[in-house]
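A.B. asks: Pasting data05.txt below, which is compact mmCIF, C-alpha atoms and all ligand atoms.
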```
# COMPACT_ATOMS: atom_id res chain seq x y z
CA MET A 16 0.00 0.00 0.00
CA LYS A 17 1.20 3.48 -0.80
CA VAL A 18 0.49 7.00 0.42
CA LEU A 19 1.01 9.83 -2.03
CA MET A 20 1.91 13.13 -0.40
CA LEU A 21 1.85 16.53 -2.04
CA ASN A 22 4.30 19.22 -0.93
CA GLY A 23 2.55 22.49 -1.73
CA SER A 24 5.65 24.55 -1.01
CA PRO A 25 7.97 25.71 -3.79
CA LYS A 26 10.78 24.62 -1.44
CA ALA A 27 11.52 20.92 -1.79
CA ASP A 28 13.49 20.93 1.49
CA GLY A 29 11.44 23.36 3.54
CA ASN A 30 9.28 22.91 6.59
CA THR A 31 6.34 21.34 4.76
CA ASN A 32 8.69 18.68 3.46
CA ARG A 33 10.06 18.22 6.99
CA ALA A 34 6.55 17.52 8.32
CA LEU A 35 5.72 15.18 5.43
CA THR A 36 8.98 13.28 5.90
CA GLU A 37 8.15 12.74 9.58
CA ILE A 38 4.86 11.17 8.45
CA GLY A 39 6.58 9.13 5.76
CA GLU A 40 9.21 7.66 8.06
CA GLN A 41 6.49 6.55 10.49
CA LEU A 42 4.47 5.09 7.62
CA LYS A 43 7.51 3.04 6.63
CA LYS A 44 7.64 1.61 10.16
CA GLU A 45 4.01 0.58 9.64
CA SER A 46 4.98 -1.17 6.36
CA ILE A 47 3.31 1.47 4.17
CA ASP A 48 5.22 2.99 1.22
CA TYR A 49 5.16 6.70 0.54
CA GLU A 50 6.17 9.25 -2.05
CA ILE A 51 6.43 13.00 -1.67
CA PHE A 52 5.34 14.71 -4.89
CA GLN A 53 7.09 18.07 -5.14
CA ILE A 54 4.95 20.79 -6.65
CA GLY A 55 8.11 22.82 -7.23
CA GLY A 56 8.58 26.46 -8.07
CA GLN A 57 7.35 26.60 -11.64
CA ALA A 58 4.04 28.18 -12.64
CA ILE A 59 0.89 26.16 -11.87
CA ARG A 60 -2.13 27.03 -13.94
CA ASP A 61 -5.41 27.86 -12.27
CA CYS A 62 -8.68 26.15 -13.28
CA ILE A 63 -10.50 28.17 -15.96
CA GLY A 64 -13.77 26.25 -15.60
CA CYS A 65 -13.87 25.20 -19.27
CA GLY A 66 -15.53 21.90 -18.30
CA GLN A 67 -13.71 19.89 -20.96
CA CYS A 68 -11.98 17.78 -18.32
CA THR A 69 -15.09 15.66 -17.77
CA GLU A 70 -14.40 14.01 -21.14
CA LYS A 71 -10.77 14.65 -21.99
CA GLY A 72 -8.93 15.31 -18.72
CA CYS A 73 -7.47 18.71 -17.97
CA VAL A 74 -6.75 20.67 -21.15
CA PHE A 75 -3.57 22.14 -19.71
CA ASP A 76 -0.59 19.84 -19.91
CA ASP A 77 2.24 22.27 -19.27
CA ASP A 78 2.64 21.77 -15.53
CA VAL A 79 2.73 18.86 -13.06
CA THR A 80 -1.03 18.55 -12.42
CA ASN A 81 -1.75 15.72 -14.86
CA ALA A 82 1.31 13.82 -13.60
CA PHE A 83 -0.08 14.15 -10.08
CA ILE A 84 -3.48 12.77 -11.17
CA ALA A 85 -1.73 9.80 -12.80
CA LYS A 86 0.13 9.03 -9.58
CA ALA A 87 -3.06 9.45 -7.54
CA GLN A 88 -4.71 6.64 -9.50
CA GLU A 89 -2.10 4.22 -8.12
CA ALA A 90 -2.12 5.53 -4.54
CA ASP A 91 -4.17 4.21 -1.59
CA GLY A 92 -4.11 7.33 0.60
CA PHE A 93 -3.12 11.01 0.48
CA ILE A 94 -1.49 13.71 2.55
CA PHE A 95 -1.71 17.26 1.23
CA GLY A 96 0.88 19.51 2.90
CA THR A 97 1.11 23.27 2.56
CA PRO A 98 3.01 26.23 3.93
CA VAL A 99 0.72 28.94 5.29
CA TYR A 100 0.67 32.06 3.14
CA TYR A 101 -1.41 34.91 4.57
CA ALA A 102 -3.39 32.45 6.69
CA HIS A 103 -4.36 30.20 3.77
CA PRO A 104 -2.71 27.38 1.79
CA SER A 105 -0.23 28.33 -0.93
CA GLY A 106 -1.88 29.47 -4.15
CA ARG A 107 -0.05 26.78 -6.07
CA ILE A 108 -1.47 23.89 -4.07
CA GLN A 109 -4.99 25.26 -4.38
CA SER A 110 -4.63 25.73 -8.13
CA LEU A 111 -3.28 22.21 -8.56
CA LEU A 112 -5.91 20.56 -6.36
CA ASP A 113 -8.81 22.45 -7.98
CA ARG A 114 -7.77 21.02 -11.32
CA ALA A 115 -6.77 17.58 -10.04
CA PHE A 116 -10.12 17.04 -8.31
CA TYR A 117 -12.23 18.53 -11.11
CA ALA A 118 -10.44 16.54 -13.81
CA GLY A 119 -9.53 13.42 -11.83
CA GLY A 120 -11.67 13.16 -8.71
CA THR A 121 -12.25 9.43 -9.15
CA ALA A 122 -8.52 8.84 -8.56
CA PHE A 123 -8.99 10.07 -4.99
CA ALA A 124 -12.48 8.84 -4.09
CA PHE A 125 -12.93 6.40 -1.18
CA LYS A 126 -9.25 6.72 -0.24
CA PRO A 127 -8.31 8.28 3.12
CA GLY A 128 -6.76 11.73 3.17
CA ALA A 129 -5.21 14.19 5.60
CA ALA A 130 -4.16 17.81 5.32
CA VAL A 131 -1.07 19.31 6.98
CA ALA A 132 -0.08 22.96 7.34
CA VAL A 133 3.16 24.55 8.55
CA ALA A 134 3.66 28.19 9.47
CA ARG A 135 5.89 30.51 11.37
CA ARG A 136 3.02 31.32 13.72
CA ALA A 137 -0.62 31.64 12.58
CA GLY A 138 -3.16 30.56 9.98
CA THR A 139 -2.53 26.83 10.29
CA THR A 140 -5.98 25.51 11.17
CA ALA A 141 -7.65 27.76 8.58
CA SER A 142 -5.28 26.28 5.98
CA VAL A 143 -6.02 22.71 7.09
CA ASP A 144 -9.74 23.49 6.80
CA VAL A 145 -9.33 24.61 3.19
CA LEU A 146 -7.47 21.46 2.16
CA GLU A 147 -9.90 19.17 3.99
CA LYS A 148 -12.69 20.53 1.78
CA TYR A 149 -11.38 18.37 -1.07
CA PHE A 150 -11.96 15.24 1.02
CA GLY A 151 -15.50 16.05 2.13
CA ILE A 152 -16.87 16.54 -1.38
CA ASN A 153 -15.17 13.46 -2.77
CA ASN A 154 -16.09 10.51 -0.51
CA MET A 155 -12.72 10.53 1.23
CA PRO A 156 -12.43 9.48 4.90
CA THR A 157 -10.43 12.13 6.77
CA VAL A 158 -7.56 10.84 8.92
CA PRO A 159 -7.26 12.31 12.44
CA SER A 160 -4.35 12.81 14.82
CA THR A 161 -3.90 13.87 18.45
CA TYR A 162 -3.93 17.56 17.50
CA TRP A 163 -4.81 19.43 14.32
CA ASN A 164 -2.15 18.54 11.75
CA VAL A 165 0.07 21.59 12.11
CA ALA A 166 3.72 22.35 12.81
CA HIS A 167 5.61 25.57 13.34
CA GLY A 168 8.84 26.84 11.85
CA ARG A 169 10.09 29.68 9.65
CA VAL A 170 13.45 28.87 8.10
CA PRO A 171 13.69 25.54 6.24
CA GLY A 172 13.91 22.57 8.58
CA GLU A 173 12.98 24.50 11.74
CA ALA A 174 9.68 22.61 12.02
CA GLY A 175 11.71 19.57 13.10
CA GLN A 176 12.25 21.34 16.43
CA ASP A 177 8.50 21.54 17.03
CA LEU A 178 8.31 18.38 19.12
CA GLU A 179 4.54 18.44 19.53
CA GLY A 180 4.09 19.12 15.82
CA MET A 181 6.32 16.19 14.89
CA GLN A 182 4.48 13.93 17.34
CA THR A 183 1.20 14.99 15.75
CA MET A 184 2.63 13.96 12.36
CA ARG A 185 3.71 10.53 13.63
CA ASN A 186 0.33 9.89 15.22
CA LEU A 187 -1.32 10.96 11.98
CA ALA A 188 0.83 8.41 10.14
CA ARG A 189 -0.19 5.67 12.57
CA ASN A 190 -3.86 6.48 12.03
CA MET A 191 -3.41 6.58 8.26
CA ALA A 192 -1.74 3.13 8.36
CA TRP A 193 -4.53 1.79 10.57
CA MET A 194 -7.26 3.07 8.24
CA LEU A 195 -5.51 1.71 5.15
CA LYS A 196 -5.15 -1.70 6.75
CA CYS A 197 -8.79 -1.70 7.89
CA ILE A 198 -9.99 -0.79 4.38
CA GLU A 199 -7.80 -3.52 2.89
CA ALA A 200 -9.04 -6.10 5.44
CA GLY A 201 -12.63 -5.09 4.70
CA ARG A 202 -12.10 -5.48 0.97
CA LYS A 203 -10.68 -8.98 1.51
CA ALA A 204 -13.75 -9.81 3.61
CA GLY A 205 -16.04 -8.67 0.80
CA ILE A 206 -16.82 -5.18 2.08
CA ASP A 207 -16.05 -2.54 -0.52
CA HIS A 208 -17.04 1.10 -0.58
CA PRO A 209 -20.76 1.87 -1.03
CA GLU A 210 -22.49 2.66 -4.30
CA VAL A 211 -22.94 6.35 -4.99
CA GLU A 212 -26.35 7.67 -6.04
CA LYS A 213 -26.58 9.32 -9.44
CA SER A 214 -25.78 12.98 -8.98
CA ALA A 215 -28.82 15.22 -8.28
CA ARG A 216 -27.68 18.80 -8.66
CA THR A 217 -30.00 21.38 -7.17
CA ASN A 218 -27.98 24.48 -7.91
CA PHE A 219 -30.55 26.63 -6.12
CA ILE A 220 -33.83 26.01 -4.32
CA ARG A 221 -36.81 26.73 -6.57
C1 LIG A 301 4.09 34.84 1.06
C2 LIG A 301 4.24 34.25 2.43
C3 LIG A 301 3.21 34.41 3.35
C4 LIG A 301 3.32 33.86 4.63
N1 LIG A 301 2.26 33.99 5.49
C5 LIG A 301 2.35 33.46 6.72
C6 LIG A 301 1.22 33.53 7.62
O1 LIG A 301 0.14 34.00 7.30
N2 LIG A 301 1.37 33.00 8.87
C7 LIG A 301 2.56 32.44 9.28
O2 LIG A 301 2.64 32.04 10.42
N3 LIG A 301 3.61 32.30 8.44
C8 LIG A 301 3.53 32.77 7.17
N4 LIG A 301 4.58 32.63 6.29
C9 LIG A 301 5.76 31.84 6.72
C10 LIG A 301 5.72 30.38 6.21
O3 LIG A 301 4.45 29.79 6.41
C11 LIG A 301 6.78 29.55 6.94
O4 LIG A 301 8.06 30.10 6.73
C12 LIG A 301 6.76 28.09 6.53
O5 LIG A 301 7.60 27.36 7.38
C13 LIG A 301 7.23 27.89 5.09
O6 LIG A 301 7.15 26.53 4.75
P1 LIG A 301 8.09 25.89 3.62
O7 LIG A 301 9.51 25.95 4.18
O8 LIG A 301 7.62 24.50 3.43
O9 LIG A 301 7.93 26.73 2.40
C14 LIG A 301 4.49 33.17 5.01
C15 LIG A 301 5.53 33.01 4.07
C16 LIG A 301 5.41 33.53 2.80
C17 LIG A 301 6.51 33.33 1.79
```
Since I need it in another form, could you write the structure as structure tokens?
C.D. replies:
Amino acid sequence: MKVLMLNGSPKADGNTNRALTEIGEQLKKESIDYEIFQIGGQAIRDCIGCGQCTEKGCVFDDDVTNAFIAKAQEADGFIFGTPVYYAHPSGRIQSLLDRAFYAGGTAFAFKPGAAVAVARRAGTTASVDVLEKYFGINNMPTVPSTYWNVAHGRVPGEAGQDLEGMQTMRNLARNMAWMLKCIEAGRKAGIDHPEVEKSARTNFIR
């Protein structure tokens, strides 16, 4: 089983990566593989709402979004990690996830997910809330920990000194491993995810 993580920071070795690595190393101890997908520093296109993705996938193929969707199809669980920018997730992770979920939501559905935010000081829980929205609309069980999934640090690597933050990450990893193993055991026992009703879209109340 494999967990795909997304580092929403342009810094591959920054604090978000530090938090994700803490999760990954604990996952390994639980016999779960992991990969950290680096969003990098190049431009990430925003969704333009063209709607063509429902048939053809996302029309834009000049950034890493489609590669992320392809990897998501093979993954069993997800961690989305972001630095806090002005009390919200980085613009790049939001742009990527808007497109990844609109164009490739089935790659994520019924797989557990967790959101992680790192900051110098404030805006962490608001950022976690934003990223958890992708799970709630897409049939994804949300993985808990012993605190909200946040860590503090400013200069790259500093988050490693946040002992409570790192403990929260390890406990999150344990819970992710537990949920993945439960889902797998259920599948082997003949219990798969439920059927989904055909979409009824009441855009406004008449
Ligand atoms: C544009 C920008 C906005 C930021 N806004 C906040 C903020 O609202 N609250 C905060 O505590 N830290 C803020 N920070 C600091 C980063 O969240 C912090 O340095 C974090 O550890 C960076 O993670 P990274 O190393 O993974 O990029 C901001 C940093 C930048 C570049």
A.B. asks: Can you tell me which residues sit at most 9 Å away from ligand LIG 301 (chain A), counting all atoms listed in the file, written as a PyMOL selection string?
C.D. replies: chain A and resi 22-34+96-105+132-139+166-174
A.B. asks: Mind dumping the selected residues with C-alpha atoms as a PDB file, in the frame of the given file?
C.D. replies:
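What ended up in part.pdb:
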```pdb
ATOM      1  CA  ASN A  22       4.300  19.220  -0.930  1.00  0.00           C
ATOM      2  CA  GLY A  23       2.550  22.490  -1.730  1.00  0.00           C
ATOM      3  CA  SER A  24       5.650  24.550  -1.010  1.00  0.00           C
ATOM      4  CA  PRO A  25       7.970  25.710  -3.790  1.00  0.00           C
ATOM      5  CA  LYS A  26      10.780  24.620  -1.440  1.00  0.00           C
ATOM      6  CA  ALA A  27      11.520  20.920  -1.790  1.00  0.00           C
ATOM      7  CA  ASP A  28      13.490  20.930   1.490  1.00  0.00           C
ATOM      8  CA  GLY A  29      11.440  23.360   3.540  1.00  0.00           C
ATOM      9  CA  ASN A  30       9.280  22.910   6.590  1.00  0.00           C
ATOM     10  CA  THR A  31       6.340  21.340   4.760  1.00  0.00           C
ATOM     11  CA  ASN A  32       8.690  18.680   3.460  1.00  0.00           C
ATOM     12  CA  ARG A  33      10.060  18.220   6.990  1.00  0.00           C
ATOM     13  CA  ALA A  34       6.550  17.520   8.320  1.00  0.00           C
ATOM     14  CA  GLY A  96       0.880  19.510   2.900  1.00  0.00           C
ATOM     15  CA  THR A  97       1.110  23.270   2.560  1.00  0.00           C
ATOM     16  CA  PRO A  98       3.010  26.230   3.930  1.00  0.00           C
ATOM     17  CA  VAL A  99       0.720  28.940   5.290  1.00  0.00           C
ATOM     18  CA  TYR A 100       0.670  32.060   3.140  1.00  0.00           C
ATOM     19  CA  TYR A 101      -1.410  34.910   4.570  1.00  0.00           C
ATOM     20  CA  ALA A 102      -3.390  32.450   6.690  1.00  0.00           C
ATOM     21  CA  HIS A 103      -4.360  30.200   3.770  1.00  0.00           C
ATOM     22  CA  PRO A 104      -2.710  27.380   1.790  1.00  0.00           C
ATOM     23  CA  SER A 105      -0.230  28.330  -0.930  1.00  0.00           C
ATOM     24  CA  ALA A 132      -0.080  22.960   7.340  1.00  0.00           C
ATOM     25  CA  VAL A 133       3.160  24.550   8.550  1.00  0.00           C
ATOM     26  CA  ALA A 134       3.660  28.190   9.470  1.00  0.00           C
ATOM     27  CA  ARG A 135       5.890  30.510  11.370  1.00  0.00           C
ATOM     28  CA  ARG A 136       3.020  31.320  13.720  1.00  0.00           C
ATOM     29  CA  ALA A 137      -0.620  31.640  12.580  1.00  0.00           C
ATOM     30  CA  GLY A 138      -3.160  30.560   9.980  1.00  0.00           C
ATOM     31  CA  THR A 139      -2.530  26.830  10.290  1.00  0.00           C
ATOM     32  CA  ALA A 166       3.720  22.350  12.810  1.00  0.00           C
ATOM     33  CA  HIS A 167       5.610  25.570  13.340  1.00  0.00           C
ATOM     34  CA  GLY A 168       8.840  26.840  11.850  1.00  0.00           C
ATOM     35  CA  ARG A 169      10.090  29.680   9.650  1.00  0.00           C
ATOM     36  CA  VAL A 170      13.450  28.870   8.100  1.00  0.00           C
ATOM     37  CA  PRO A 171      13.690  25.540   6.240  1.00  0.00           C
ATOM     38  CA  GLY A 172      13.910  22.570   8.580  1.00  0.00           C
ATOM     39  CA  GLU A 173      12.980  24.500  11.740  1.00  0.00           C
ATOM     40  CA  ALA A 174       9.680  22.610  12.020  1.00  0.00           C
TER      41      ALA A 174
END
```
A.B. asks: Would you pick out the contacts of Asp77 in chain A at 9 Å or less, using all atoms listed in the file, so that residues sharing its chain but fewer than 2 positions from it are not included, and give the list as number ranges by chain?
C.D. replies: A: 59-60, 75, 79-81
A.B. asks: Rounded to one decimal, what separation in Å do you get between CA of Met155 in chain A and CA of Phe123 in chain A?
C.D. replies: 7.3 Å
A.B. asks: Given all atoms listed in the file as the basis, pick out the residue of A:Leu35, A:Ile94, A:Ala58, A:Met184 nearest to Val18 in chain A.
C.D. replies: A:Ile94
A.B. asks: For a test of reading the model, state the distance in Å between CA of Asp177 in chain A and CA of Val131 in chain A, rounded to one decimal.
C.D. replies: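 Interatomic distance here is 14.1 Å.
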A.B. asks: Distance table requested - range 59-122 of chain A against range 185-209 of chain A, cut-off 9 Å, all atoms listed in the file: one row per qualifying residue with the closest atom pair and its distance in Å to one decimal, ordered by chain and rising residue number, as JSON lines.
C.D. replies:
```
{"residue": "A:Asp91", "atom": "CA", "partner": "A:Leu195", "partner_atom": "CA", "distance": 7.3}
{"residue": "A:Gly92", "atom": "CA", "partner": "A:Leu195", "partner_atom": "CA", "distance": 7.4}
{"residue": "A:Phe93", "atom": "CA", "partner": "A:Met191", "partner_atom": "CA", "distance": 9.0}
```
A.B. asks: What are the centre and the three edge lengths of an axis-aligned box that wraps all atoms of range 34-43 of chain A in the file, given that 8 Å is added to every side, written as lines of an AutoDock Vina configuration file and rounded to one decimal in Å?
C.D. replies:
```
center_x = 6.8
center_y = 10.3
center_z = 8.0
size_x = 20.7
size_y = 30.5
size_z = 21.1
```
A.B. asks: As a list of chain:residue names, please: the residues near Ala129 in chain A (cut-off 8 Å, only C-alpha atoms, same-chain neighbours under 3 positions excluded).
C.D. replies: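 The neighbour list is A:Phe93, A:Ile94, A:Phe95, A:Glu147, A:Thr157, A:Val158, A:Pro159.
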A.B. asks: In Å to one decimal, how far is CA of Ala85 in chain A from CA of Phe52 in chain A?
C.D. replies: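 Value for the CA of Phe52 in chain A-CA of Ala85 in chain A distance: 11.7 Å.
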A.B. asks: Between A:Cys62, A:Gln88, A:Met181, A:Gly39, which residue has the minimum interatomic distance to Thr121 in chain A, considering all atoms listed in the file?
C.D. replies: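 Of A:Cys62, A:Gln88, A:Met181, A:Gly39, the one nearest Thr121 in chain A, counting all atoms listed in the file, is A:Gln88.
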A.B. asks: For each of A:Glu212, A:Glu40, A:Asp144, A:Asp78, take the minimum atom-to-atom distance to Ile54 in chain A, counting all atoms listed in the file, then give the residue where this is smallest.
C.D. replies: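 With all atoms listed in the file as the atom set, the closest residue is A:Asp78.
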A.B. asks: Would you kindly return, as a list in words, each protein, DNA or RNA residue with an atom no farther than 12 Å from any atom of Ala90 in chain A, considering all atoms listed in the file and excluding same-chain residues fewer than 4 positions away?
C.D. replies: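 My reading of the contact set: Met16, Lys17, Val18, Leu19, Met20, Leu21, Ile47, Asp48, Tyr49, Glu50, Ile51, Phe52, Phe83, Ile84, Ala85, Lys86, Ile94, Thr121, Ala122, Phe123, Ala124, Phe125, Lys126, Pro127, Gly128 and Leu195 of chain A.
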A.B. asks: Tell me which of A:Ala141, A:Gly106, A:Glu37, A:Ala118 sits closest to Lys71 in chain A, counting all atoms listed in the file.
C.D. replies: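 When distances to Lys71 in chain A are compared using all atoms listed in the file, the smallest one comes from A:Ala118.
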A.B. asks: Identify which of the residues A:Trp163, A:Ile63, A:Arg107, A:Asp113 lies closest to Tyr149 in chain A, counting all atoms listed in the file when measuring atom-to-atom distances.
C.D. replies: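 Residue with the minimum atom-to-atom distance to Tyr149 in chain A: A:Asp113.
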